[in-house]
file protein25.txt (compact mmCIF, C-alpha atoms)
# COMPACT_ATOMS: atom_id res chain seq x y z
CA MET J 1404 -90.90 -38.60 135.01
CA LYS J 1405 -88.95 -39.95 137.96
CA ILE J 1406 -88.23 -43.57 138.81
CA LEU J 1407 -86.96 -44.40 142.28
CA ILE J 1408 -85.49 -47.87 142.79
CA LYS J 1409 -85.07 -48.84 146.43
CA ASN J 1410 -83.70 -51.75 148.46
CA GLY J 1411 -81.73 -53.36 145.66
CA LYS J 1412 -78.06 -54.28 145.46
CA LEU J 1413 -76.29 -51.98 142.99
CA VAL J 1414 -73.55 -53.69 140.98
CA ASP J 1415 -71.77 -50.90 139.10
CA PRO J 1416 -68.15 -51.92 138.45
CA ALA J 1417 -67.33 -48.71 136.58
CA ASN J 1418 -67.72 -46.92 139.92
CA ASP J 1419 -66.47 -49.79 142.10
CA ILE J 1420 -69.90 -50.26 143.71
CA ASP J 1421 -71.21 -53.64 144.86
CA ALA J 1422 -73.52 -52.76 147.75
CA PHE J 1423 -77.05 -51.82 148.67
CA TYR J 1424 -77.97 -48.45 147.18
CA ASP J 1425 -81.10 -46.64 146.08
CA ILE J 1426 -81.02 -45.03 142.67
CA LEU J 1427 -83.17 -42.17 141.38
CA LEU J 1428 -83.74 -41.67 137.67
CA GLU J 1429 -85.07 -38.39 136.34
CA ASP J 1430 -85.93 -38.04 132.68
CA ASP J 1431 -83.14 -39.88 130.84
CA LYS J 1432 -80.37 -39.53 133.44
CA VAL J 1433 -79.27 -40.92 136.78
CA ALA J 1434 -80.19 -38.16 139.25
CA CYS J 1435 -79.04 -39.62 142.57
CA VAL J 1436 -77.30 -42.68 143.99
CA SER J 1437 -77.49 -43.00 147.75
CA GLN J 1438 -78.03 -45.61 150.44
CA ASN J 1439 -81.37 -44.11 151.43
CA ILE J 1440 -83.31 -41.85 149.08
CA ASP J 1441 -86.55 -40.44 150.47
CA ALA J 1442 -89.55 -41.38 148.34
CA GLY J 1443 -91.37 -38.25 149.52
CA GLY J 1444 -90.19 -36.31 146.48
CA LEU J 1445 -92.13 -38.48 144.06
CA GLU J 1446 -95.23 -37.06 142.42
CA GLU J 1447 -98.22 -38.52 140.60
CA GLY J 1448 -97.02 -40.33 137.52
CA ASP J 1449 -93.63 -41.15 139.03
CA ARG J 1450 -92.71 -44.76 139.78
CA LEU J 1451 -91.41 -46.36 142.98
CA ILE J 1452 -89.80 -49.78 142.45
CA ASP J 1453 -88.98 -52.08 145.34
CA ALA J 1454 -85.93 -54.09 144.24
CA PHE J 1455 -85.57 -56.03 147.48
CA GLY J 1456 -83.70 -59.27 146.84
CA LYS J 1457 -82.64 -58.15 143.37
CA VAL J 1458 -79.59 -56.61 141.72
CA ILE J 1459 -79.41 -53.38 139.73
CA MET J 1460 -76.84 -53.22 136.94
CA PRO J 1461 -75.94 -50.93 134.05
CA GLY J 1462 -77.78 -52.07 130.93
CA PHE J 1463 -76.01 -54.69 128.87
CA ILE J 1464 -74.44 -53.75 125.53
CA ASP J 1465 -74.41 -56.45 122.86
CA LEU J 1466 -71.73 -55.76 120.27
CA HIS J 1467 -72.85 -58.52 117.92
CA VAL J 1468 -76.46 -58.87 116.79
CA HIS J 1469 -78.20 -59.70 113.51
CA LEU J 1470 -81.49 -57.85 113.12
CA ARG J 1471 -82.13 -59.11 109.55
CA GLU J 1472 -83.95 -55.93 108.47
CA PRO J 1473 -83.91 -54.88 105.67
CA GLY J 1474 -84.35 -57.92 103.46
CA PHE J 1475 -84.98 -60.85 105.79
CA GLU J 1476 -87.87 -59.64 107.91
CA TYR J 1477 -89.34 -63.14 108.10
CA LYS J 1478 -86.36 -64.04 110.31
CA GLU J 1479 -86.37 -60.89 112.48
CA THR J 1480 -87.27 -57.22 112.31
CA ILE J 1481 -85.68 -54.26 114.04
CA LYS J 1482 -88.72 -54.11 116.31
CA THR J 1483 -88.78 -57.78 117.29
CA GLY J 1484 -85.03 -57.88 117.76
CA CYS J 1485 -85.04 -54.79 119.94
CA VAL J 1486 -87.93 -56.11 122.05
CA ALA J 1487 -85.98 -59.35 122.49
CA ALA J 1488 -82.98 -57.30 123.59
CA ALA J 1489 -85.10 -55.50 126.18
CA HIS J 1490 -86.34 -58.85 127.51
CA GLY J 1491 -82.71 -59.86 128.00
CA GLY J 1492 -81.64 -56.69 129.80
CA VAL J 1493 -79.76 -55.45 126.74
CA THR J 1494 -80.14 -51.68 126.37
CA SER J 1495 -77.83 -51.13 123.37
CA ILE J 1496 -77.24 -53.39 120.39
CA CYS J 1497 -74.89 -53.29 117.42
CA PRO J 1498 -76.52 -54.83 114.34
CA MET J 1499 -74.20 -56.39 111.80
CA PRO J 1500 -74.40 -55.12 108.20
CA ASN J 1501 -75.18 -58.39 106.38
CA THR J 1502 -78.73 -57.42 105.49
CA LYS J 1503 -80.22 -57.11 101.99
CA PRO J 1504 -79.16 -54.65 100.82
CA VAL J 1505 -75.97 -54.56 102.86
CA ILE J 1506 -75.33 -51.63 105.21
CA ASP J 1507 -72.41 -50.41 103.11
CA SER J 1508 -73.13 -46.71 102.46
CA PRO J 1509 -74.08 -43.53 104.32
CA GLU J 1510 -77.57 -43.80 102.81
CA MET J 1511 -78.06 -47.32 104.19
CA VAL J 1512 -76.79 -46.26 107.61
CA ARG J 1513 -79.25 -43.37 107.72
CA ASP J 1514 -82.05 -45.69 106.53
CA LEU J 1515 -81.30 -48.14 109.35
CA LEU J 1516 -81.25 -45.38 111.95
CA GLU J 1517 -84.56 -44.05 110.64
CA ARG J 1518 -86.11 -47.52 110.86
CA ALA J 1519 -84.84 -47.82 114.43
CA LYS J 1520 -85.84 -44.37 115.67
CA ASP J 1521 -88.74 -45.71 117.77
CA ALA J 1522 -86.95 -48.86 118.95
CA PRO J 1523 -87.13 -49.60 122.68
CA VAL J 1524 -83.34 -49.94 122.92
CA HIS J 1525 -80.39 -48.06 121.42
CA VAL J 1526 -79.41 -49.27 117.95
CA LEU J 1527 -75.75 -48.58 117.09
CA PRO J 1528 -75.07 -49.59 113.47
CA ILE J 1529 -72.01 -51.38 112.16
CA GLY J 1530 -70.98 -50.70 108.57
CA ALA J 1531 -69.66 -53.21 106.02
CA VAL J 1532 -65.98 -53.16 105.10
CA THR J 1533 -66.54 -53.72 101.39
CA ILE J 1534 -69.33 -52.82 98.96
CA GLY J 1535 -72.01 -55.49 99.13
CA GLN J 1536 -69.68 -57.51 101.36
CA GLU J 1537 -68.24 -58.88 98.15
CA GLY J 1538 -64.62 -58.40 99.23
CA LYS J 1539 -63.64 -56.47 96.10
CA GLU J 1540 -63.87 -52.73 96.81
CA LEU J 1541 -63.88 -50.78 100.08
CA ALA J 1542 -67.15 -49.22 101.15
CA ASP J 1543 -67.41 -45.49 101.89
CA ILE J 1544 -65.92 -45.75 105.37
CA GLU J 1545 -65.62 -42.01 105.94
CA GLY J 1546 -69.20 -41.41 104.83
CA MET J 1547 -70.56 -44.19 107.03
CA GLN J 1548 -68.59 -42.90 110.00
CA LYS J 1549 -70.14 -39.47 109.55
CA ALA J 1550 -73.60 -41.06 109.15
CA GLY J 1551 -73.32 -42.80 112.52
CA ILE J 1552 -71.67 -46.23 112.44
CA VAL J 1553 -69.81 -47.27 115.59
CA ALA J 1554 -67.65 -49.98 113.98
CA LEU J 1555 -66.79 -51.80 110.76
CA SER J 1556 -67.28 -55.49 110.07
CA GLU J 1557 -67.64 -57.94 107.22
CA ASP J 1558 -69.37 -60.30 109.65
CA GLY J 1559 -70.76 -63.43 108.09
CA LYS J 1560 -67.49 -63.70 106.20
CA SER J 1561 -63.93 -62.40 106.29
CA VAL J 1562 -62.26 -60.02 103.83
CA MET J 1563 -60.02 -62.69 102.33
CA ASP J 1564 -57.90 -60.24 100.29
CA SER J 1565 -55.26 -59.34 102.88
CA LEU J 1566 -54.10 -56.22 101.06
CA LEU J 1567 -57.65 -54.91 100.79
CA PHE J 1568 -58.19 -55.66 104.48
CA ARG J 1569 -55.00 -53.78 105.32
CA HIS J 1570 -56.34 -50.75 103.44
CA ALA J 1571 -59.58 -51.06 105.41
CA MET J 1572 -57.65 -51.18 108.67
CA GLU J 1573 -55.75 -48.05 107.64
CA GLN J 1574 -59.10 -46.32 107.05
CA ALA J 1575 -60.39 -47.60 110.37
CA ALA J 1576 -57.35 -46.14 112.12
CA LEU J 1577 -57.73 -42.83 110.26
CA TYR J 1578 -61.37 -42.40 111.23
CA GLU J 1579 -60.93 -43.99 114.69
CA ILE J 1580 -63.46 -46.78 114.13
CA PRO J 1581 -62.92 -50.26 115.61
CA MET J 1582 -62.75 -53.17 113.18
CA PHE J 1583 -64.83 -56.20 114.21
CA SER J 1584 -63.28 -59.30 112.66
CA HIS J 1585 -65.29 -62.44 111.81
CA CYS J 1586 -62.14 -64.63 111.65
CA GLU J 1587 -63.03 -67.34 109.16
CA ASP J 1588 -60.81 -68.61 106.36
CA LYS J 1589 -63.46 -69.53 103.82
CA ALA J 1590 -61.25 -71.96 101.89
CA LEU J 1591 -60.39 -73.90 105.03
CA VAL J 1592 -64.08 -74.38 105.90
CA ASP J 1593 -64.23 -76.86 103.02
CA GLY J 1594 -67.93 -77.61 103.44
CA GLY J 1595 -67.75 -78.21 107.19
CA VAL J 1596 -70.89 -77.84 109.29
CA MET J 1597 -69.73 -78.63 112.85
CA ASN J 1598 -66.53 -78.90 114.85
CA ALA J 1599 -64.02 -81.36 113.41
CA GLY J 1600 -63.49 -84.27 115.78
CA ASP J 1601 -64.89 -87.54 117.04
CA LYS J 1602 -68.46 -86.21 117.35
CA ALA J 1603 -68.51 -85.10 113.71
CA GLU J 1604 -67.22 -88.54 112.70
CA GLU J 1605 -69.88 -90.22 114.84
CA LEU J 1606 -72.63 -88.19 113.15
CA GLY J 1607 -71.09 -88.57 109.71
CA LEU J 1608 -70.83 -84.81 109.20
CA PRO J 1609 -67.98 -82.76 107.67
CA GLY J 1610 -65.93 -80.91 110.26
CA ILE J 1611 -64.64 -77.36 110.72
CA THR J 1612 -61.12 -77.25 112.15
CA ASN J 1613 -59.87 -74.68 114.66
CA ALA J 1614 -57.44 -73.35 112.05
CA VAL J 1615 -60.41 -71.88 110.14
CA GLU J 1616 -60.66 -69.31 112.92
CA ASP J 1617 -57.09 -69.12 114.14
CA VAL J 1618 -55.44 -68.36 110.79
CA ILE J 1619 -57.52 -65.21 110.23
CA ALA J 1620 -57.30 -64.16 113.89
CA ALA J 1621 -53.51 -64.23 113.63
CA ARG J 1622 -53.53 -62.38 110.31
CA ASP J 1623 -55.82 -59.64 111.56
CA ILE J 1624 -53.83 -59.15 114.76
CA LEU J 1625 -50.65 -58.70 112.72
CA ILE J 1626 -52.34 -56.21 110.38
CA SER J 1627 -53.66 -54.36 113.42
CA LYS J 1628 -50.10 -54.20 114.74
CA GLU J 1629 -48.81 -52.69 111.51
CA THR J 1630 -51.64 -50.18 111.02
CA GLY J 1631 -52.32 -49.22 114.64
CA ALA J 1632 -56.03 -49.87 114.08
CA GLN J 1633 -58.31 -50.99 116.89
CA LEU J 1634 -59.27 -54.63 116.35
CA HIS J 1635 -62.06 -56.56 118.04
CA LEU J 1636 -62.21 -60.31 117.42
CA CYS J 1637 -65.77 -61.60 117.19
CA HIS J 1638 -67.20 -64.86 118.59
CA CYS J 1639 -63.88 -66.44 119.56
CA SER J 1640 -64.30 -70.19 120.00
CA THR J 1641 -60.89 -71.86 120.09
CA ALA J 1642 -58.17 -72.38 122.67
CA ASP J 1643 -55.57 -70.83 120.36
CA SER J 1644 -57.67 -67.70 119.87
CA THR J 1645 -57.17 -67.01 123.59
CA VAL J 1646 -53.41 -67.51 123.17
CA LEU J 1647 -53.31 -65.11 120.23
CA VAL J 1648 -55.31 -62.45 122.08
CA LYS J 1649 -53.04 -62.72 125.12
CA MET J 1650 -49.96 -62.36 122.91
CA ALA J 1651 -51.46 -59.25 121.30
CA LYS J 1652 -52.25 -57.71 124.68
CA ASP J 1653 -48.80 -58.54 126.01
CA GLN J 1654 -47.42 -56.50 123.12
CA GLY J 1655 -49.71 -53.59 123.96
CA LEU J 1656 -51.75 -53.88 120.77
CA ARG J 1657 -55.25 -52.39 120.48
CA VAL J 1658 -56.90 -55.80 120.41
CA THR J 1659 -60.02 -56.95 122.28
CA ALA J 1660 -62.09 -60.11 121.95
CA GLU J 1661 -65.55 -61.46 122.65
CA VAL J 1662 -66.94 -64.86 123.57
CA CYS J 1663 -70.54 -65.96 123.04
CA PRO J 1664 -72.54 -67.74 125.76
CA HIS J 1665 -73.02 -70.84 123.62
CA HIS J 1666 -69.26 -71.21 123.21
CA PHE J 1667 -68.52 -71.16 126.95
CA THR J 1668 -71.60 -73.19 127.91
CA MET J 1669 -71.84 -76.10 125.45
CA SER J 1670 -69.32 -78.29 123.65
CA ASP J 1671 -69.63 -80.45 120.55
CA GLN J 1672 -69.92 -83.49 122.84
CA GLU J 1673 -73.38 -82.29 123.83
CA ILE J 1674 -74.70 -82.41 120.27
CA THR J 1675 -77.22 -85.23 120.52
CA GLU J 1676 -78.23 -85.54 116.87
CA ASP J 1677 -77.87 -84.13 113.38
CA ASP J 1678 -80.20 -81.18 113.94
CA GLY J 1679 -79.97 -77.62 112.66
CA ARG J 1680 -80.42 -76.10 116.12
CA PHE J 1681 -76.85 -77.20 116.90
CA LYS J 1682 -75.40 -75.50 113.82
CA MET J 1683 -73.66 -72.18 114.41
CA ASN J 1684 -70.61 -70.38 113.12
CA PRO J 1685 -68.08 -70.79 114.66
CA PRO J 1686 -69.31 -74.23 115.70
CA LEU J 1687 -69.60 -75.62 119.20
CA ARG J 1688 -66.02 -76.67 119.94
CA SER J 1689 -64.32 -79.35 122.04
CA PRO J 1690 -64.50 -79.48 125.85
CA LYS J 1691 -60.86 -78.32 125.94
CA ASP J 1692 -61.72 -75.22 123.91
CA VAL J 1693 -64.70 -74.49 126.16
CA GLN J 1694 -62.50 -74.71 129.26
CA GLU J 1695 -59.86 -72.43 127.77
CA LEU J 1696 -62.49 -69.84 126.89
CA LYS J 1697 -63.82 -69.83 130.45
CA ASP J 1698 -60.33 -69.56 131.88
CA ALA J 1699 -59.51 -66.68 129.51
CA LEU J 1700 -62.68 -64.84 130.52
CA ALA J 1701 -61.71 -65.29 134.17
CA ALA J 1702 -58.17 -64.06 133.51
CA GLY J 1703 -59.38 -60.95 131.67
CA VAL J 1704 -57.82 -62.04 128.38
CA MET J 1705 -61.23 -62.11 126.71
CA ASP J 1706 -62.99 -58.80 127.30
CA VAL J 1707 -66.59 -59.07 126.20
CA ILE J 1708 -69.59 -61.39 126.17
CA SER J 1709 -71.70 -60.91 123.03
CA THR J 1710 -74.42 -63.11 121.61
CA ASP J 1711 -74.04 -63.22 117.81
CA HIS J 1712 -77.86 -63.32 117.92
CA ALA J 1713 -78.71 -64.87 114.54
CA PRO J 1714 -82.42 -65.67 114.08
CA HIS J 1715 -83.71 -67.93 111.31
CA GLY J 1716 -87.06 -69.26 110.24
CA ALA J 1717 -88.24 -72.47 111.94
CA GLU J 1718 -88.34 -74.47 108.71
CA GLU J 1719 -84.81 -73.41 107.79
CA LYS J 1720 -83.39 -74.77 111.03
CA ALA J 1721 -85.55 -77.92 111.22
CA GLN J 1722 -83.31 -79.93 108.94
CA SER J 1723 -79.91 -81.60 108.80
CA MET J 1724 -76.86 -79.54 109.63
CA ARG J 1725 -75.74 -80.13 106.07
CA LYS J 1726 -78.61 -77.94 104.84
CA ALA J 1727 -79.61 -75.67 107.74
CA PRO J 1728 -78.19 -72.14 107.96
CA PHE J 1729 -75.64 -71.29 110.64
CA GLY J 1730 -76.98 -69.36 113.64
CA ILE J 1731 -78.35 -69.32 117.19
CA VAL J 1732 -80.46 -66.70 118.98
CA GLY J 1733 -79.13 -65.33 122.24
CA LEU J 1734 -80.44 -61.94 123.29
CA GLU J 1735 -82.97 -63.32 125.77
CA THR J 1736 -80.66 -65.92 127.34
CA SER J 1737 -77.23 -64.29 127.54
CA PHE J 1738 -77.42 -63.02 131.12
CA ALA J 1739 -78.90 -66.23 132.51
CA LEU J 1740 -76.32 -68.40 130.72
CA GLY J 1741 -73.49 -66.11 131.80
CA PHE J 1742 -74.63 -66.05 135.41
CA THR J 1743 -75.27 -69.79 135.53
CA GLU J 1744 -72.08 -70.93 133.83
CA LEU J 1745 -69.58 -68.29 134.90
CA VAL J 1746 -70.78 -66.80 138.20
CA LYS J 1747 -72.31 -69.89 139.76
CA GLY J 1748 -69.52 -71.88 138.13
CA GLY J 1749 -66.93 -69.85 140.04
CA TYR J 1750 -65.16 -68.20 137.10
CA LEU J 1751 -66.42 -64.63 137.51
CA SER J 1752 -68.01 -62.52 140.20
CA LEU J 1753 -71.28 -60.84 139.27
CA SER J 1754 -69.38 -57.56 139.04
CA GLN J 1755 -66.94 -59.11 136.57
CA LEU J 1756 -69.83 -60.49 134.51
CA VAL J 1757 -71.26 -56.96 134.32
CA GLU J 1758 -67.87 -55.73 133.14
CA LYS J 1759 -67.96 -58.26 130.27
CA MET J 1760 -71.55 -57.43 129.32
CA SER J 1761 -71.71 -53.68 129.89
CA VAL J 1762 -68.56 -51.81 130.90
CA ASN J 1763 -66.09 -53.37 128.47
CA PRO J 1764 -68.42 -53.26 125.43
CA ALA J 1765 -68.86 -49.53 126.05
CA ARG J 1766 -65.09 -49.11 126.17
CA VAL J 1767 -64.63 -51.03 122.92
CA LEU J 1768 -67.03 -48.62 121.22
CA GLY J 1769 -65.75 -45.54 123.06
CA ILE J 1770 -69.26 -44.59 124.21
CA ASP J 1771 -70.35 -43.10 127.53
CA LYS J 1772 -72.41 -46.04 128.78
CA GLY J 1773 -72.01 -48.94 131.17
CA ASN J 1774 -71.86 -46.51 134.08
CA LEU J 1775 -74.58 -45.57 136.59
CA ALA J 1776 -72.92 -42.52 138.15
CA VAL J 1777 -74.98 -39.37 138.61
CA GLY J 1778 -75.49 -37.62 135.28
CA LYS J 1779 -74.99 -40.77 133.21
CA ALA J 1780 -77.61 -42.33 130.92
CA ALA J 1781 -80.47 -44.03 132.75
CA ASP J 1782 -79.91 -47.38 131.03
CA LEU J 1783 -80.13 -50.21 133.53
CA VAL J 1784 -81.36 -53.71 134.23
CA ILE J 1785 -82.81 -55.29 137.35
CA ALA J 1786 -82.44 -59.05 137.78
CA ASP J 1787 -83.35 -61.72 140.29
CA VAL J 1788 -80.16 -63.79 140.58
CA GLU J 1789 -81.80 -66.30 142.88
CA GLN J 1790 -84.61 -67.27 140.51
CA GLU J 1791 -84.24 -70.56 138.69
CA TYR J 1792 -86.22 -71.31 135.56
CA GLU J 1793 -86.19 -73.32 132.36
CA ILE J 1794 -85.45 -71.58 129.08
CA ASP J 1795 -88.58 -71.77 126.92
CA SER J 1796 -87.98 -70.64 123.35
CA SER J 1797 -91.73 -70.47 122.69
CA THR J 1798 -91.88 -67.42 124.95
CA PHE J 1799 -89.12 -65.52 123.11
CA ALA J 1800 -89.97 -62.07 121.78
CA SER J 1801 -87.56 -62.74 118.94
CA LYS J 1802 -88.97 -64.26 115.79
CA GLY J 1803 -86.10 -66.72 115.98
CA LYS J 1804 -86.55 -69.73 118.27
CA ASN J 1805 -83.37 -71.47 117.09
CA THR J 1806 -81.49 -72.47 120.23
CA PRO J 1807 -80.15 -75.73 121.64
CA PHE J 1808 -80.82 -74.36 125.14
CA ASP J 1809 -84.58 -74.87 125.02
CA GLY J 1810 -85.51 -76.56 128.32
CA LYS J 1811 -82.16 -75.85 129.99
CA LYS J 1812 -82.37 -74.93 133.67
CA VAL J 1813 -80.68 -71.61 134.44
CA THR J 1814 -80.45 -69.09 137.26
CA GLY J 1815 -80.80 -65.32 136.91
CA ARG J 1816 -83.93 -63.77 135.48
CA VAL J 1817 -84.10 -60.27 134.07
CA VAL J 1818 -87.16 -58.66 135.65
CA MET J 1819 -86.94 -55.08 134.37
CA THR J 1820 -85.09 -53.14 131.70
CA ILE J 1821 -84.95 -49.34 131.64
CA VAL J 1822 -83.67 -47.33 128.68
CA ASP J 1823 -83.25 -43.55 128.87
CA GLY J 1824 -85.31 -43.55 132.05
CA ARG J 1825 -88.23 -45.44 130.45
CA ILE J 1826 -89.30 -48.92 131.47
CA VAL J 1827 -89.15 -50.93 128.25
CA TYR J 1828 -89.57 -54.39 129.76
CA GLU J 1829 -91.11 -55.68 132.98
CA TYR J 1830 -91.34 -59.40 133.70
CA SER J 1831 -94.72 -60.77 134.67
CA LYS J 1832 -95.38 -64.38 135.53

call {"tool": "encode", "arguments": {"input": "protein25.txt", "output": "structure tokens"}}
result
Amino acid sequence: MKILIKNGKLVDPANDIDAFYDILLEDDKVACVSQNIDAGGLEEGDRLIDAFGKVIMPGFIDLHVHLREPGFEYKETIKTGCVAAAHGGVTSICPMPNTKPVIDSPEMVRDLLERAKDAPVHVLPIGAVTIGQEGKELADIEGMQKAGIVALSEDGKSVMDSLLFRHAMEQAALYEIPMFSHCEDKALVDGGVMNAGDKAEELGLPGITNAVEDVIAARDILISKETGAQLHLCHCSTADSTVLVKMAKDQGLRVTAEVCPHHFTMSDQEITEDDGRFKMNPPLRSPKDVQELKDALAAGVMDVISTDHAPHGAEEKAQSMRKAPFGIVGLETSFALGFTELVKGGYLSLSQLVEKMSVNPARVLGIDKGNLAVGKAADLVIADVEQEYEIDSSTFASKGKNTPFDGKKVTGRVVMTIVDGRIVYEYSK
């Protein structure tokens, strides 16, 4: 099957393209990129798409997603999570291992890949650092690497035993697997449920200080320096995390970092009430932290935009932050929030946003994606960056509706997602 996309603006930073181009897809590859491709070569069953007024971009790659399957299918399944990804223009996702049972063995990795074999988007598993994520004994890192993991992470918690984490980093370096660090000192959390500060005091809720994140970020950067392992800091939320990442990069360390849309879009000052939809980990931080994150994204200090998509059941989130689980969904809103806050806000160009959501994530993983040159994978997204709309969580494909952005006006709607040359999502009014 062939798909010919005409009249759209191609934004492909990996190839330094930001101009009007046609693009021809044949089977699962990009077959031609030219300013005027003749549609006469199409046959019955092929598809001609008029992308006039729209942009064509390499498919987004989300390095940080919770699919919940196996074990918590009432929150999300591989199928619903992958469909949600397609709705958001995300063509590859990396599910974290904190399922039940944990993805901590070659057998569990193979089981996950088997479950995901018919998924509409690429599923790239992340393996746990320790058995059962209990922080006591290293998982079979070599076996999981051979079974198909793309990274290691204890996400949902940190490996608090520094010596054990050092051994894990040595293994990560040996098998050339990036380590994705959650950066949370569990003892310092001390029962906190939102950012420490005046808003927490106003709501009478226990706070989470910035040091909870920064202490582990600093530790993991130093262990990365000593072991030579590739380190990726997840969901950075504090001003000092940007300072630490810049210091690491200035020293030439193999350190990258991600920021989530909720952390560069909303601060703790916008929490209107004690409601579980505002509870996420790390928490919504101060306006100063939000500004520093946006500045660091603009400066190239922070490399990646990921969602930390964390669906929960409606009843779980419809309670006080003291009792509700941490988590926010994000797969279906990440592009719109990024475009609205960062591109329209003047921090990034659209090309730079694509770098954060597609090109750089591919580089972190060392995979041949995020690139629409001839011969590359036909994974792409088409979006209308002029269209304004209100986020409506009731329309989400995800089982999770837990977001504080319900009703927020945004600009930039994903209208089509193509994976391996197949249309897996097409917006209809």

call {"tool": "residues_around", "arguments": {"input": "protein25.txt", "residues": "His1666 of chain J", "least_positions_apart": "3", "cutoff": "10 Å", "atoms": "all atoms listed in the file", "output": "PyMOL selection string"}}
result
chain J and resi 1638-1641+1662-1663+1669-1671+1683+1685-1690+1692-1694+1696-1697+1710

call {"tool": "atom_distance", "arguments": {"input": "protein25.txt", "atom1": "atom CA of Lys1720 of chain J", "atom2": "atom CA of Lys1682 of chain J"}}
result
8.5 Å

call {"tool": "axis_aligned_box", "arguments": {"input": "protein25.txt", "around": "segment 1547-1551 of chain J", "padding_each_side": "3 Å", "output": "JSON"}}
result
{"center_x": -71.1, "center_y": -41.8, "center_z": 109.8, "size_x": 11.0, "size_y": 10.7, "size_z": 11.5}

call {"tool": "residues_around", "arguments": {"input": "protein25.txt", "residues": "segment 1539-1543 of chain J", "least_positions_apart": "5", "cutoff": "7 Å", "atoms": "all atoms listed in the file", "output": "PyMOL selection string"}}
result
chain J and resi 1507-1508+1531-1534+1571

call {"tool": "atom_distance", "arguments": {"input": "protein25.txt", "atom1": "atom CA of Thr1494 of chain J", "atom2": "atom CA of Asn1410 of chain J"}}
result
22.4 Å

call {"tool": "atom_distance", "arguments": {"input": "protein25.txt", "atom1": "atom CA of Glu1429 of chain J", "atom2": "atom CA of Met1404 of chain J"}}
result
6.0 Å

call {"tool": "closest_residue", "arguments": {"input": "protein25.txt", "among": "J:Ser1796, J:Thr1814, J:Ser1761, J:Ser1752", "to": "Ile1464 of chain J", "atoms": "only C-alpha atoms"}}
result
J:Ser1761

call {"tool": "closest_residue", "arguments": {"input": "protein25.txt", "among": "J:Ile1580, J:Ala1422, J:Ile1481, J:Ile1611", "to": "Pro1523 of chain J", "atoms": "all atoms listed in the file"}}
result
J:Ile1481

call {"tool": "residues_near_point", "arguments": {"input": "protein25.txt", "point": "(-78.5, -63.5, 125.0)", "cutoff": "10 Å", "atoms": "all atoms listed in the file", "output": "list in words"}}
result
Phe1463, Asp1465, Val1468, Ala1487, Ala1488, His1490, Gly1491, Gly1492, Val1493, Cys1663, Pro1664, His1665, Ile1708, Ser1709, Thr1710, Asp1711, His1712, Ile1731, Val1732, Gly1733, Leu1734, Glu1735, Thr1736, Ser1737, Phe1738, Ala1739, Leu1740 and Gly1741 of chain J

call {"tool": "write_last_selection", "arguments": {"input": "protein25.txt", "atoms": "C-alpha atoms", "output": "PDB file, in the frame of the given file"}}
result
ATOM      1  CA  PHE J1463     -76.010 -54.690 128.870  1.00  0.00           C
ATOM      2  CA  ASP J1465     -74.410 -56.450 122.860  1.00  0.00           C
ATOM      3  CA  VAL J1468     -76.460 -58.870 116.790  1.00  0.00           C
ATOM      4  CA  ALA J1487     -85.980 -59.350 122.490  1.00  0.00           C
ATOM      5  CA  ALA J1488     -82.980 -57.300 123.590  1.00  0.00           C
ATOM      6  CA  HIS J1490     -86.340 -58.850 127.510  1.00  0.00           C
ATOM      7  CA  GLY J1491     -82.710 -59.860 128.000  1.00  0.00           C
ATOM      8  CA  GLY J1492     -81.640 -56.690 129.800  1.00  0.00           C
ATOM      9  CA  VAL J1493     -79.760 -55.450 126.740  1.00  0.00           C
ATOM     10  CA  CYS J1663     -70.540 -65.960 123.040  1.00  0.00           C
ATOM     11  CA  PRO J1664     -72.540 -67.740 125.760  1.00  0.00           C
ATOM     12  CA  HIS J1665     -73.020 -70.840 123.620  1.00  0.00           C
ATOM     13  CA  ILE J1708     -69.590 -61.390 126.170  1.00  0.00           C
ATOM     14  CA  SER J1709     -71.700 -60.910 123.030  1.00  0.00           C
ATOM     15  CA  THR J1710     -74.420 -63.110 121.610  1.00  0.00           C
ATOM     16  CA  ASP J1711     -74.040 -63.220 117.810  1.00  0.00           C
ATOM     17  CA  HIS J1712     -77.860 -63.320 117.920  1.00  0.00           C
ATOM     18  CA  ILE J1731     -78.350 -69.320 117.190  1.00  0.00           C
ATOM     19  CA  VAL J1732     -80.460 -66.700 118.980  1.00  0.00           C
ATOM     20  CA  GLY J1733     -79.130 -65.330 122.240  1.00  0.00           C
ATOM     21  CA  LEU J1734     -80.440 -61.940 123.290  1.00  0.00           C
ATOM     22  CA  GLU J1735     -82.970 -63.320 125.770  1.00  0.00           C
ATOM     23  CA  THR J1736     -80.660 -65.920 127.340  1.00  0.00           C
ATOM     24  CA  SER J1737     -77.230 -64.290 127.540  1.00  0.00           C
ATOM     25  CA  PHE J1738     -77.420 -63.020 131.120  1.00  0.00           C
ATOM     26  CA  ALA J1739     -78.900 -66.230 132.510  1.00  0.00           C
ATOM     27  CA  LEU J1740     -76.320 -68.400 130.720  1.00  0.00           C
ATOM     28  CA  GLY J1741     -73.490 -66.110 131.800  1.00  0.00           C
TER      29      GLY J1741
END
